[in-house]
$ cat entry.txt   # compact mmCIF, C-alpha atoms and all ligand atoms
# COMPACT_ATOMS: atom_id res chain seq x y z
CA MET E 1409 20.10 14.42 -9.93
CA LYS E 1410 16.48 14.43 -8.85
CA LEU E 1411 14.97 11.16 -7.63
CA TYR E 1412 11.22 10.95 -7.96
CA THR E 1413 8.56 9.38 -5.77
CA GLN E 1414 5.46 7.93 -7.44
CA GLU E 1415 3.66 11.26 -6.81
CA GLY E 1416 6.62 13.27 -8.10
CA LEU E 1417 6.90 11.15 -11.24
CA ASN E 1418 3.16 11.55 -11.85
CA ASP E 1419 3.71 15.33 -11.84
CA TYR E 1420 6.50 15.14 -14.44
CA GLN E 1421 5.62 17.52 -17.23
CA LEU E 1422 5.95 14.96 -20.05
CA SER E 1423 4.25 11.62 -20.39
CA LEU E 1424 6.69 8.79 -19.67
CA THR E 1425 7.04 5.16 -20.62
CA TYR E 1426 9.16 2.27 -19.37
CA ASP E 1427 12.35 3.19 -21.27
CA ASP E 1428 12.18 6.73 -19.86
CA ILE E 1429 12.58 5.69 -16.24
CA SER E 1430 14.77 3.53 -14.06
CA LEU E 1431 14.70 2.16 -10.53
CA VAL E 1432 17.46 3.53 -8.32
CA PRO E 1433 18.68 1.51 -5.32
CA THR E 1434 19.15 3.93 -2.42
CA GLN E 1435 19.40 1.54 0.53
CA ILE E 1436 21.96 -0.99 1.71
CA SER E 1437 20.23 -4.21 0.69
CA LYS E 1438 20.00 -6.87 3.40
CA ILE E 1439 19.06 -9.51 0.84
CA LYS E 1440 21.87 -12.04 0.41
CA SER E 1441 20.36 -14.02 -2.46
CA ARG E 1442 17.51 -13.31 -4.83
CA ASN E 1443 15.96 -16.62 -3.72
CA GLU E 1444 15.05 -14.93 -0.43
CA THR E 1445 12.58 -12.65 -2.23
CA LYS E 1446 8.91 -13.55 -2.62
CA THR E 1447 7.16 -12.80 -5.91
CA SER E 1448 3.79 -14.15 -4.82
CA SER E 1449 0.89 -11.77 -4.98
CA LYS E 1450 -2.87 -11.98 -4.54
CA PHE E 1451 -5.00 -11.21 -7.57
CA PHE E 1452 -8.60 -11.20 -6.31
CA ASP E 1453 -8.63 -14.27 -4.06
CA ILE E 1454 -6.06 -16.15 -6.16
CA GLU E 1455 -2.53 -16.49 -4.82
CA LEU E 1456 -0.30 -16.12 -7.89
CA GLY E 1457 3.35 -17.17 -7.72
CA LEU E 1458 4.10 -14.30 -10.09
CA PRO E 1459 1.54 -11.57 -10.95
CA VAL E 1460 1.58 -12.25 -14.70
CA LEU E 1461 -1.60 -12.36 -16.78
CA SER E 1462 -1.67 -13.38 -20.43
CA SER E 1463 -3.53 -11.16 -22.84
CA PRO E 1464 -6.81 -12.56 -24.21
CA MET E 1465 -5.52 -12.28 -27.80
CA ASP E 1466 -6.15 -15.08 -30.27
CA SER E 1467 -2.43 -15.51 -30.97
CA VAL E 1468 -1.51 -15.58 -27.25
CA THR E 1469 -4.04 -17.30 -25.00
CA GLY E 1470 -5.78 -20.43 -26.19
CA ILE E 1471 -6.61 -23.34 -23.94
CA ASP E 1472 -3.04 -24.74 -23.84
CA MET E 1473 -1.58 -21.41 -22.70
CA ALA E 1474 -4.32 -20.93 -20.09
CA ILE E 1475 -3.76 -24.41 -18.64
CA GLU E 1476 0.04 -24.08 -18.63
CA LEU E 1477 -0.02 -20.64 -16.97
CA ASP E 1478 -2.37 -22.00 -14.32
CA LYS E 1479 0.18 -24.75 -13.62
CA LEU E 1480 2.92 -22.10 -13.41
CA ASN E 1481 0.85 -20.12 -10.86
CA CYS E 1482 0.10 -17.28 -13.27
CA LEU E 1483 -3.24 -16.38 -14.86
CA GLY E 1484 -4.17 -17.04 -18.49
CA ILE E 1485 -7.25 -15.28 -19.85
CA ILE E 1486 -8.53 -17.46 -22.66
CA ASN E 1487 -9.58 -15.49 -25.76
CA ARG E 1488 -13.22 -15.55 -26.67
CA PHE E 1489 -12.63 -16.88 -30.21
CA ASP E 1490 -10.72 -19.96 -29.06
CA SER E 1491 -11.89 -23.23 -30.61
CA SER E 1492 -12.12 -24.73 -27.10
CA LEU E 1493 -14.72 -22.21 -25.92
CA GLN E 1494 -17.69 -24.61 -26.24
CA GLN E 1495 -15.80 -27.16 -24.14
CA VAL E 1496 -14.95 -24.45 -21.60
CA ILE E 1497 -18.63 -23.56 -21.44
CA LYS E 1498 -19.54 -27.24 -20.99
CA GLY E 1499 -17.14 -27.44 -18.05
CA ASP E 1500 -14.42 -29.66 -19.56
CA PHE E 1501 -11.62 -27.51 -18.15
CA GLU E 1502 -12.99 -26.73 -14.69
CA ASN E 1503 -10.17 -26.40 -12.15
CA LYS E 1504 -7.65 -26.12 -15.00
CA ILE E 1505 -8.26 -22.52 -16.02
CA LYS E 1506 -9.66 -19.53 -14.13
CA ALA E 1507 -10.45 -16.69 -16.54
CA VAL E 1508 -12.15 -16.08 -19.87
CA SER E 1509 -12.77 -13.08 -22.07
CA ILE E 1510 -16.14 -12.08 -23.47
CA ALA E 1511 -17.23 -9.46 -25.96
CA LEU E 1512 -19.59 -6.57 -25.41
CA ASN E 1513 -22.26 -8.46 -27.34
CA SER E 1514 -21.72 -11.88 -25.71
CA SER E 1515 -25.08 -13.33 -24.69
CA ASP E 1516 -26.27 -15.01 -21.50
CA ASP E 1517 -25.85 -18.41 -23.22
CA VAL E 1518 -22.11 -17.79 -23.01
CA ILE E 1519 -21.87 -15.78 -19.80
CA ALA E 1520 -24.22 -17.78 -17.54
CA PRO E 1521 -22.33 -21.12 -17.74
CA LEU E 1522 -18.98 -19.34 -17.28
CA ALA E 1523 -20.31 -17.46 -14.26
CA GLU E 1524 -21.73 -20.66 -12.83
CA LYS E 1525 -18.21 -22.10 -12.80
CA ASN E 1526 -17.01 -18.93 -11.10
CA TYR E 1527 -14.63 -17.94 -13.89
CA ILE E 1528 -13.22 -14.43 -13.82
CA ILE E 1529 -14.84 -12.56 -16.73
CA CYS E 1530 -12.78 -10.10 -18.77
CA ILE E 1531 -14.92 -7.75 -20.87
CA ASP E 1532 -12.45 -7.41 -23.73
CA THR E 1533 -12.80 -3.99 -25.37
CA ALA E 1534 -10.38 -1.36 -26.62
CA ASN E 1535 -11.95 1.43 -24.58
CA ALA E 1536 -13.55 0.96 -21.18
CA SER E 1537 -14.34 4.67 -20.90
CA ASN E 1538 -17.55 4.02 -22.79
CA SER E 1539 -21.17 3.85 -21.62
CA SER E 1540 -21.88 0.49 -23.36
CA VAL E 1541 -18.94 -1.12 -21.53
CA LEU E 1542 -20.09 0.31 -18.19
CA LYS E 1543 -23.63 -0.96 -18.88
CA LYS E 1544 -22.39 -4.45 -19.74
CA CYS E 1545 -20.20 -4.52 -16.64
CA GLU E 1546 -23.12 -3.48 -14.45
CA GLU E 1547 -25.42 -6.09 -16.02
CA VAL E 1548 -22.94 -8.96 -15.61
CA LYS E 1549 -22.14 -7.93 -12.03
CA LEU E 1550 -25.79 -7.62 -10.97
CA LYS E 1551 -26.86 -10.86 -12.63
CA TYR E 1552 -23.93 -13.12 -11.77
CA GLY E 1553 -21.82 -11.47 -9.06
CA VAL E 1554 -18.57 -12.74 -10.66
CA LYS E 1555 -15.19 -10.99 -10.67
CA ILE E 1556 -14.92 -8.67 -13.67
CA ILE E 1557 -11.90 -7.24 -15.48
CA VAL E 1558 -12.57 -4.30 -17.81
CA GLY E 1559 -10.30 -2.36 -20.11
CA ASN E 1560 -8.64 -0.42 -21.37
CA ILE E 1561 -8.20 3.00 -19.87
CA ALA E 1562 -5.41 5.57 -20.19
CA HIS E 1563 -6.19 7.92 -17.30
CA GLY E 1564 -7.49 7.86 -13.73
CA SER E 1565 -10.34 10.30 -14.37
CA VAL E 1566 -12.71 7.46 -15.35
CA LEU E 1567 -11.75 5.05 -12.56
CA GLN E 1568 -14.62 5.91 -10.21
CA SER E 1569 -17.19 5.19 -12.96
CA LEU E 1570 -15.68 1.75 -13.55
CA VAL E 1571 -15.78 0.94 -9.84
CA ASP E 1572 -19.39 2.15 -9.64
CA ALA E 1573 -20.25 -0.19 -12.54
CA GLY E 1574 -18.86 -3.15 -10.57
CA ALA E 1575 -15.42 -3.60 -12.16
CA ASP E 1576 -12.98 -5.49 -9.92
CA ALA E 1577 -9.87 -4.91 -12.06
CA VAL E 1578 -8.90 -2.65 -14.91
CA ARG E 1579 -6.40 -2.97 -17.76
CA ILE E 1580 -4.37 0.21 -18.03
CA GLY E 1581 -2.82 1.40 -21.27
CA ILE E 1582 -4.10 2.69 -24.59
CA GLY E 1583 -1.82 2.85 -27.61
CA GLY E 1584 1.17 1.13 -25.95
CA GLY E 1585 0.72 -2.45 -27.17
CA SER E 1586 3.50 -3.73 -29.42
CA VAL E 1587 1.12 -4.54 -32.30
CA CYS E 1588 -1.15 -1.58 -31.62
CA THR E 1589 -1.68 1.16 -34.18
CA THR E 1590 -4.35 3.01 -32.17
CA SER E 1591 -2.16 6.05 -31.50
CA ILE E 1592 -1.18 6.34 -35.15
CA GLN E 1593 -4.75 5.96 -36.37
CA THR E 1594 -6.42 8.13 -33.76
CA GLY E 1595 -3.84 10.29 -31.98
CA ILE E 1596 -5.05 8.85 -28.64
CA GLY E 1597 -2.94 7.64 -25.74
CA ILE E 1598 -0.19 8.52 -23.28
CA GLY E 1599 3.00 6.75 -22.16
CA GLN E 1600 2.40 3.58 -20.19
CA VAL E 1601 4.24 4.74 -17.06
CA SER E 1602 2.22 7.95 -16.84
CA SER E 1603 -1.04 6.07 -17.49
CA LEU E 1604 -0.32 3.55 -14.78
CA LEU E 1605 0.81 6.11 -12.18
CA ASN E 1606 -2.14 8.35 -12.85
CA VAL E 1607 -4.63 5.51 -12.30
CA TYR E 1608 -2.69 4.16 -9.32
CA LEU E 1609 -2.68 7.49 -7.49
CA GLU E 1610 -6.36 8.10 -8.29
CA ARG E 1611 -7.21 4.71 -6.79
CA ASN E 1612 -5.17 5.39 -3.67
CA ASN E 1613 -6.34 8.97 -3.19
CA LYS E 1614 -10.00 7.99 -3.52
CA LYS E 1615 -9.50 4.65 -1.69
CA LEU E 1616 -11.19 2.78 -4.53
CA ASN E 1617 -11.37 -0.97 -4.43
CA ILE E 1618 -10.08 -2.09 -7.83
CA GLU E 1619 -7.01 -4.01 -8.98
CA LEU E 1620 -4.68 -2.49 -11.55
CA ILE E 1621 -3.24 -4.37 -14.51
CA ALA E 1622 -0.39 -2.76 -16.48
CA ASP E 1623 -1.24 -3.77 -20.04
CA GLY E 1624 0.85 -3.18 -23.17
CA GLY E 1625 4.43 -2.23 -23.96
CA ILE E 1626 6.12 -4.55 -21.46
CA LYS E 1627 9.18 -5.94 -23.27
CA SER E 1628 11.46 -7.38 -20.59
CA PRO E 1629 11.65 -8.65 -17.00
CA GLY E 1630 12.98 -5.16 -16.12
CA ASP E 1631 9.77 -3.58 -17.44
CA VAL E 1632 7.77 -6.00 -15.28
CA ALA E 1633 9.77 -4.85 -12.23
CA LYS E 1634 9.17 -1.20 -13.15
CA ALA E 1635 5.40 -1.74 -13.60
CA ILE E 1636 5.12 -3.35 -10.16
CA ALA E 1637 7.31 -0.67 -8.54
CA LEU E 1638 4.93 1.91 -10.05
CA GLY E 1639 2.05 0.21 -8.23
CA ALA E 1640 0.57 -2.36 -10.65
CA ASP E 1641 -1.09 -5.34 -8.97
CA ALA E 1642 -0.34 -7.45 -12.05
CA VAL E 1643 1.08 -7.15 -15.54
CA MET E 1644 -0.59 -8.31 -18.75
CA LEU E 1645 1.66 -9.63 -21.48
CA GLY E 1646 1.15 -10.13 -25.20
CA ARG E 1647 4.45 -10.08 -27.09
CA MET E 1648 6.57 -11.50 -24.26
CA LEU E 1649 4.45 -14.67 -24.29
CA ALA E 1650 3.87 -14.72 -28.06
CA GLY E 1651 5.95 -17.19 -30.07
CA THR E 1652 5.99 -19.78 -27.28
CA LYS E 1653 4.98 -23.40 -27.73
CA GLU E 1654 1.65 -23.00 -25.88
CA THR E 1655 0.30 -20.13 -28.03
CA PRO E 1656 -2.33 -21.06 -30.63
CA GLY E 1657 -1.10 -21.44 -34.21
CA GLU E 1658 1.52 -23.28 -36.18
CA VAL E 1659 5.30 -23.08 -35.89
CA ILE E 1660 6.52 -21.81 -39.26
CA LYS E 1661 9.99 -22.46 -40.73
CA TYR E 1662 11.32 -19.54 -42.78
CA LYS E 1663 14.95 -18.83 -43.69
CA ASP E 1664 16.33 -21.46 -41.31
CA GLN E 1665 14.51 -19.94 -38.37
CA LEU E 1666 11.33 -21.06 -36.55
CA TRP E 1667 8.55 -18.48 -36.05
CA LYS E 1668 5.00 -18.06 -34.76
CA LYS E 1669 2.46 -15.41 -35.66
CA TYR E 1670 1.49 -12.62 -33.30
CA ARG E 1671 -1.31 -10.27 -34.22
CA GLY E 1672 -3.35 -7.45 -32.73
CA SER E 1673 -6.97 -8.13 -31.74
CA ALA E 1674 -8.04 -5.31 -34.05
CA SER E 1675 -5.76 -6.33 -36.94
CA PHE E 1676 -7.07 -7.14 -40.39
CA ALA E 1677 -6.02 -10.79 -39.92
CA VAL E 1678 -8.42 -11.10 -36.97
CA LYS E 1679 -11.28 -9.04 -38.37
CA MET E 1680 -10.98 -10.28 -41.98
CA LYS E 1681 -13.32 -7.58 -43.12
CA ASN E 1682 -13.19 -3.97 -43.97
CA GLU E 1683 -13.69 -2.61 -40.49
CA PHE E 1684 -11.47 0.02 -38.92
CA ILE E 1685 -8.07 -1.59 -38.29
CA GLU E 1686 -6.04 -0.64 -35.20
CA GLY E 1687 -3.58 -3.51 -35.01
CA GLU E 1688 -0.78 -5.21 -36.89
CA GLU E 1689 0.37 -8.73 -37.58
CA THR E 1690 3.94 -9.90 -37.16
CA MET E 1691 6.17 -12.97 -36.78
CA ILE E 1692 8.00 -13.77 -33.53
CA PRO E 1693 11.01 -16.12 -33.35
CA TYR E 1694 9.88 -19.40 -31.79
CA LYS E 1695 10.70 -19.39 -28.06
CA GLY E 1696 9.91 -22.94 -26.91
CA PRO E 1697 7.97 -23.60 -23.67
CA VAL E 1698 6.37 -20.58 -21.97
CA GLN E 1699 7.91 -21.75 -18.70
CA ASN E 1700 11.27 -20.41 -19.98
CA VAL E 1701 9.77 -16.93 -20.34
CA ILE E 1702 8.05 -17.08 -16.95
CA ASP E 1703 11.25 -18.28 -15.27
CA GLY E 1704 13.16 -15.42 -16.91
CA ILE E 1705 10.64 -12.88 -15.60
CA SER E 1706 10.80 -14.41 -12.13
CA ASP E 1707 14.62 -14.27 -12.08
CA GLY E 1708 14.75 -10.66 -13.32
CA LEU E 1709 12.09 -9.53 -10.88
CA ARG E 1710 13.79 -11.24 -7.92
CA SER E 1711 17.11 -9.68 -8.83
CA SER E 1712 15.47 -6.25 -9.09
CA MET E 1713 13.90 -6.79 -5.66
CA SER E 1714 17.26 -7.66 -4.14
CA TYR E 1715 18.87 -4.49 -5.59
CA MET E 1716 15.96 -2.50 -4.20
CA ASN E 1717 16.07 -4.24 -0.78
CA CYS E 1718 12.48 -5.46 -1.17
CA LEU E 1719 11.65 -8.92 0.14
CA THR E 1720 8.07 -8.75 -1.10
CA LEU E 1721 6.21 -7.22 -4.02
CA GLU E 1722 4.22 -5.14 -1.53
CA SER E 1723 7.48 -3.51 -0.53
CA LEU E 1724 8.53 -3.04 -4.20
CA ARG E 1725 5.18 -1.29 -4.80
CA ASN E 1726 6.26 1.34 -2.28
CA THR E 1727 9.37 2.32 -4.24
CA SER E 1728 10.09 6.01 -3.99
CA SER E 1729 13.32 6.30 -5.96
CA PHE E 1730 12.77 6.55 -9.69
CA ALA E 1731 15.07 8.35 -12.10
CA VAL E 1732 14.03 9.88 -15.41
CA LEU E 1733 16.57 8.94 -18.08
CA SER E 1734 17.90 11.11 -20.85
CA ASN E 1735 17.93 9.39 -24.23
CA SER E 1736 21.71 8.90 -23.96
CA SER E 1737 21.37 7.41 -20.47
CA TYR E 1738 18.84 4.99 -21.86
CA LEU E 1739 21.19 4.03 -24.72
CA GLU E 1740 24.10 3.64 -22.32
CA ARG E 1741 22.09 0.99 -20.45
CA LEU E 1742 21.81 -1.24 -23.50
CA PRO E 1743 24.45 -3.92 -24.09
CA LYS E 1744 26.82 -3.09 -26.96
CA LYS E 1745 27.94 -5.46 -29.71
P1 LIG E 1801 2.18 -6.12 -25.84
O1 LIG E 1801 2.41 -6.97 -24.62
O2 LIG E 1801 3.01 -4.89 -25.89
O3 LIG E 1801 2.28 -6.93 -27.10
O4 LIG E 1801 0.67 -5.59 -25.73
C1 LIG E 1801 -0.45 -6.44 -25.56
C2 LIG E 1801 -1.69 -5.58 -25.41
O5 LIG E 1801 -1.92 -4.81 -26.61
C3 LIG E 1801 -2.99 -6.34 -25.24
O6 LIG E 1801 -3.17 -6.87 -23.97
C4 LIG E 1801 -4.02 -5.27 -25.61
O7 LIG E 1801 -4.28 -4.40 -24.54
C5 LIG E 1801 -3.31 -4.48 -26.70
N1 LIG E 1801 -3.79 -4.88 -28.05
C6 LIG E 1801 -3.97 -6.11 -28.53
N2 LIG E 1801 -4.38 -6.09 -29.82
C7 LIG E 1801 -4.47 -4.79 -30.16
C8 LIG E 1801 -4.85 -4.14 -31.38
O8 LIG E 1801 -5.14 -4.72 -32.41
N3 LIG E 1801 -4.84 -2.77 -31.33
C9 LIG E 1801 -4.50 -2.08 -30.20
N4 LIG E 1801 -4.11 -2.67 -29.06
C10 LIG E 1801 -4.10 -4.02 -29.04

$ encode --input "entry.txt" --output "structure tokens" --more "lines below"
Ligand code: IMP
Amino acid sequence: MKLYTQEGLNDYQLSLTYDDISLVPTQISKIKSRNETKTSSKFFDIELGLPVLSSPMDSVTGIDMAIELDKLNCLGIINRFDSSLQQVIKGDFENKIKAVSIALNSSDDVIAPLAEKNYIICIDTANASNSSVLKKCEEVKLKYGVKIIVGNIAHGSVLQSLVDAGADAVRIGIGGGSVCTTSIQTGIGIGQVSSLLNVYLERNNKKLNIELIADGGIKSPGDVAKAIALGADAVMLGRMLAGTKETPGEVIKYKDQLWKKYRGSASFAVKMKNEFIEGEETMIPYKGPVQNVIDGISDGLRSSMSYMNCLTLESLRNTSSFAVLSNSSYLERLPKK
């Protein structure tokens, strides 16, 4: 069976996503316990305990989620519609949160006070390969000099333009989000693994200075491990964090089960008008505190690292033994009832 390096996998003739690949341990691991592994990772100048970012969606990251993730040494990007935004702008949550999303048409009244507090600014758009996004990025960078996250992109061909416009990090993935209907509506997008690898290798080959965020389609701690092994600096999660206590919105009781809503940023429920809809709305079983999810990711990732003989994430990012799975191999890997 052929084992692939990152370059080899990038050359695979079909576009691949997380369920299509697997990590293959090829060394005798010297790691005795997964507690020996270190999941800390720098994102910009922030030392994260685990490189997990929450998506700036209105059903994922409000102020409670952002504060809790900060406590857990992860990074919450508060959504720009959150009811706390005026307080954030006033400075009520300084030192409690680190990142905020803005829209393409957000004005200086919003951006200037956020920049003054040195928040990371995420320009939250569906398509960063667009001249208006590049212009906004350039303007914000020149005026305020803050760290900027842009997104989303599906391919490395546009990476240089984003770097030239002053982007410090990019969200990678179009069409892969779990409540995303972009690919159905537009026919756009490639598998998340191929997107990520393509951008990763472009960055390395051109020695570009930009951090890579794997965004969309991550369903399990194993997918987090795969994204990092493929070279992601951080992962961005929507569905995995949705349904937890800290997300905005009510807990709903229906048929003896507790639920919370999760909806796409471009869903009808968010837009509430007859614009083009590229997202869905769904219910997620209530999961309790987000710490449970973060702990689960940390445990899975550490275990993966010990199989792969990687004490650090830097070492996991140099993985060169990926397998491509047949559909039956993928099914074989799932627990049976
Ligand atoms: P998930 O973790 O698979 O649920 O994906 C979350 C990601 O889906 C977000 O971070 C966005 O990049 C993307 N996304 C969120 N809302 C929409 C939408 O309405 N349409 C398309 N993509 C979306």

$ residues_near_ligand --input "entry.txt" --ligand "ligand LIG 1801 (chain E)" --cutoff "7 Å" --atoms "only C-alpha atoms and all ligand atoms" --output "CSV table (one decimal) with C-alpha atoms, keeping the file's coordinate frame"
chain,number,residue,atom,x,y,z
E,1463,SER,CA,-3.5,-11.2,-22.8
E,1464,PRO,CA,-6.8,-12.6,-24.2
E,1465,MET,CA,-5.5,-12.3,-27.8
E,1534,ALA,CA,-10.4,-1.4,-26.6
E,1560,ASN,CA,-8.6,-0.4,-21.4
E,1581,GLY,CA,-2.8,1.4,-21.3
E,1582,ILE,CA,-4.1,2.7,-24.6
E,1583,GLY,CA,-1.8,2.8,-27.6
E,1584,GLY,CA,1.2,1.1,-26.0
E,1585,GLY,CA,0.7,-2.4,-27.2
E,1586,SER,CA,3.5,-3.7,-29.4
E,1587,VAL,CA,1.1,-4.5,-32.3
E,1588,CYS,CA,-1.2,-1.6,-31.6
E,1589,THR,CA,-1.7,1.2,-34.2
E,1590,THR,CA,-4.4,3.0,-32.2
E,1623,ASP,CA,-1.2,-3.8,-20.0
E,1624,GLY,CA,0.8,-3.2,-23.2
E,1625,GLY,CA,4.4,-2.2,-24.0
E,1626,ILE,CA,6.1,-4.6,-21.5
E,1627,LYS,CA,9.2,-5.9,-23.3
E,1644,MET,CA,-0.6,-8.3,-18.8
E,1645,LEU,CA,1.7,-9.6,-21.5
E,1646,GLY,CA,1.2,-10.1,-25.2
E,1647,ARG,CA,4.4,-10.1,-27.1
E,1648,MET,CA,6.6,-11.5,-24.3
E,1671,ARG,CA,-1.3,-10.3,-34.2
E,1672,GLY,CA,-3.4,-7.4,-32.7
E,1673,SER,CA,-7.0,-8.1,-31.7
E,1674,ALA,CA,-8.0,-5.3,-34.0
E,1675,SER,CA,-5.8,-6.3,-36.9
E,1686,GLU,CA,-6.0,-0.6,-35.2
E,1687,GLY,CA,-3.6,-3.5,-35.0
E,1688,GLU,CA,-0.8,-5.2,-36.9

$ closest_atom_pairs --input "entry.txt" --of "region 1424-1458 of chain E" --to "region 1725-1729 of chain E" --cutoff "10 Å" --atoms "only C-alpha atoms" --output "tab-separated table"
residue	atom	partner	partner_atom	distance
E:Ser1430	CA	E:Ser1729	CA	8.7
E:Leu1431	CA	E:Ser1729	CA	6.3
E:Val1432	CA	E:Ser1729	CA	5.5
E:Pro1433	CA	E:Ser1729	CA	7.2
E:Thr1434	CA	E:Ser1729	CA	7.2

$ atom_distance --input "entry.txt" --atom1 "CA of Val1698 (chain E)" --atom2 "CA of Glu1654 (chain E)"
6.6 Å

$ residues_around --input "entry.txt" --residues "Lys1614 (chain E)" --least-positions-apart "3" --cutoff "12 Å" --atoms "all atoms listed in the file" --output "ChimeraX atom specification"
/E:1564-1565,1567-1568,1571,1607-1611,1617-1618

$ atom_distance --input "entry.txt" --atom1 "CA of Pro1656 (chain E)" --atom2 "CA of Ile1497 (chain E)"
18.9 Å

$ residues_near_point --input "entry.txt" --point "(15.6, -20.0, -37.2)" --cutoff "12 Å" --atoms "all atoms listed in the file" --output "PyMOL selection string"
chain E and resi 1659-1668+1691-1695

$ closest_residue --input "entry.txt" --among "E:Val1578, E:Ile1596, E:Ile1436, E:Ile1471" --to "Phe1451 (chain E)" --atoms "all atoms listed in the file"
E:Val1578

$ residues_around --input "entry.txt" --residues "Leu1480 (chain E)" --least-positions-apart "3" --cutoff "12 Å" --atoms "all atoms listed in the file" --output "PyMOL selection string"
chain E and resi 1448+1455-1461+1473-1477+1483-1484+1504-1505+1697-1703+1706

$ closest_residue --input "entry.txt" --among "E:Gln1414, E:Asn1481, E:Ser1628, E:Ser1441" --to "Ile1454 (chain E)" --atoms "all atoms listed in the file"
E:Asn1481

$ closest_residue --input "entry.txt" --among "E:Thr1425, E:Ser1437, E:Asn1613, E:Gln1495" --to "Tyr1715 (chain E)" --atoms "only C-alpha atoms"
E:Ser1437

$ closest_atom_pairs --input "entry.txt" --of "region 1463-1489 of chain E" --to "region 1508-1514 of chain E" --cutoff "8 Å" --atoms "only C-alpha atoms" --output "Markdown table"
| residue | atom | partner | partner_atom | distance |
| --- | --- | --- | --- | --- |
| E:Pro1464 | CA | E:Ser1509 | CA | 6.4 |
| E:Ile1485 | CA | E:Val1508 | CA | 5.0 |
| E:Ile1486 | CA | E:Val1508 | CA | 4.8 |
| E:Asn1487 | CA | E:Ser1509 | CA | 5.4 |
| E:Arg1488 | CA | E:Ser1509 | CA | 5.2 |

$ write_last_selection --input "entry.txt" --atoms "C-alpha atoms" --output "tab-separated table (two decimals), in the frame of the given file"
chain	number	residue	atom	x	y	z
E	1464	PRO	CA	-6.81	-12.56	-24.21
E	1485	ILE	CA	-7.25	-15.28	-19.85
E	1486	ILE	CA	-8.53	-17.46	-22.66
E	1487	ASN	CA	-9.58	-15.49	-25.76
E	1488	ARG	CA	-13.22	-15.55	-26.67

$ atom_distance --input "entry.txt" --atom1 "CA of Ser1723 (chain E)" --atom2 "CA of Asp1478 (chain E)"
25.1 Å

$ residues_around --input "entry.txt" --residues "Leu1724 (chain E)" --least-positions-apart "2" --cutoff "12 Å" --atoms "all atoms listed in the file" --output "PyMOL selection string"
chain E and resi 1414+1431-1433+1445-1447+1449+1632-1641+1709-1722+1726-1730

$ residues_around --input "entry.txt" --residues "region 1735-1740 of chain E" --least-positions-apart "3" --cutoff "9 Å" --atoms "all atoms listed in the file" --output "mmCIF file with C-alpha atoms, in the frame of the given file"
data_model
loop_
_atom_site.group_PDB
_atom_site.id
_atom_site.type_symbol
_atom_site.label_atom_id
_atom_site.label_comp_id
_atom_site.auth_asym_id
_atom_site.auth_seq_id
_atom_site.Cartn_x
_atom_site.Cartn_y
_atom_site.Cartn_z
ATOM 1 C CA ASP E 1427 12.350 3.190 -21.270
ATOM 2 C CA ASP E 1428 12.180 6.730 -19.860
ATOM 3 C CA ILE E 1429 12.580 5.690 -16.240
ATOM 4 C CA SER E 1430 14.770 3.530 -14.060
ATOM 5 C CA PRO E 1743 24.450 -3.920 -24.090
ATOM 6 C CA LYS E 1744 26.820 -3.090 -26.960
#

$ closest_residue --input "entry.txt" --among "E:Ala1622, E:Leu1605, E:Val1468, E:Ile1561" --to "Ala1536 (chain E)" --atoms "all atoms listed in the file"
E:Ile1561

$ closest_residue --input "entry.txt" --among "E:Asn1418, E:Thr1533, E:Ser1423, E:Ser1539" --to "Gly1599 (chain E)" --atoms "all atoms listed in the file"
E:Ser1423

$ residues_around --input "entry.txt" --residues "Val1541 (chain E)" --least-positions-apart "3" --cutoff "9 Å" --atoms "only C-alpha atoms" --output "number ranges by chain"
E: 1512, 1531, 1533, 1535-1538, 1544-1546, 1558-1559

$ write_last_selection --input "entry.txt" --atoms "C-alpha atoms" --output "mmCIF file, in the frame of the given file"
data_model
loop_
_atom_site.group_PDB
_atom_site.id
_atom_site.type_symbol
_atom_site.label_atom_id
_atom_site.label_comp_id
_atom_site.auth_asym_id
_atom_site.auth_seq_id
_atom_site.Cartn_x
_atom_site.Cartn_y
_atom_site.Cartn_z
ATOM 1 C CA LEU E 1512 -19.590 -6.570 -25.410
ATOM 2 C CA ILE E 1531 -14.920 -7.750 -20.870
ATOM 3 C CA THR E 1533 -12.800 -3.990 -25.370
ATOM 4 C CA ASN E 1535 -11.950 1.430 -24.580
ATOM 5 C CA ALA E 1536 -13.550 0.960 -21.180
ATOM 6 C CA SER E 1537 -14.340 4.670 -20.900
ATOM 7 C CA ASN E 1538 -17.550 4.020 -22.790
ATOM 8 C CA LYS E 1544 -22.390 -4.450 -19.740
ATOM 9 C CA CYS E 1545 -20.200 -4.520 -16.640
ATOM 10 C CA GLU E 1546 -23.120 -3.480 -14.450
ATOM 11 C CA VAL E 1558 -12.570 -4.300 -17.810
ATOM 12 C CA GLY E 1559 -10.300 -2.360 -20.110
#

$ closest_residue --input "entry.txt" --among "E:Asn1526, E:Thr1690, E:Ser1569, E:Ser1515" --to "Tyr1552 (chain E)" --atoms "all atoms listed in the file"
E:Asn1526

$ axis_aligned_box --input "entry.txt" --around "region 1580-1598 of chain E" --padding-each-side "8 Å" --output "AutoDock Vina command-line options"
--center_x -1.5 --center_y 2.9 --center_z -27.2 --size_x 25.9 --size_y 30.8 --size_z 34.3
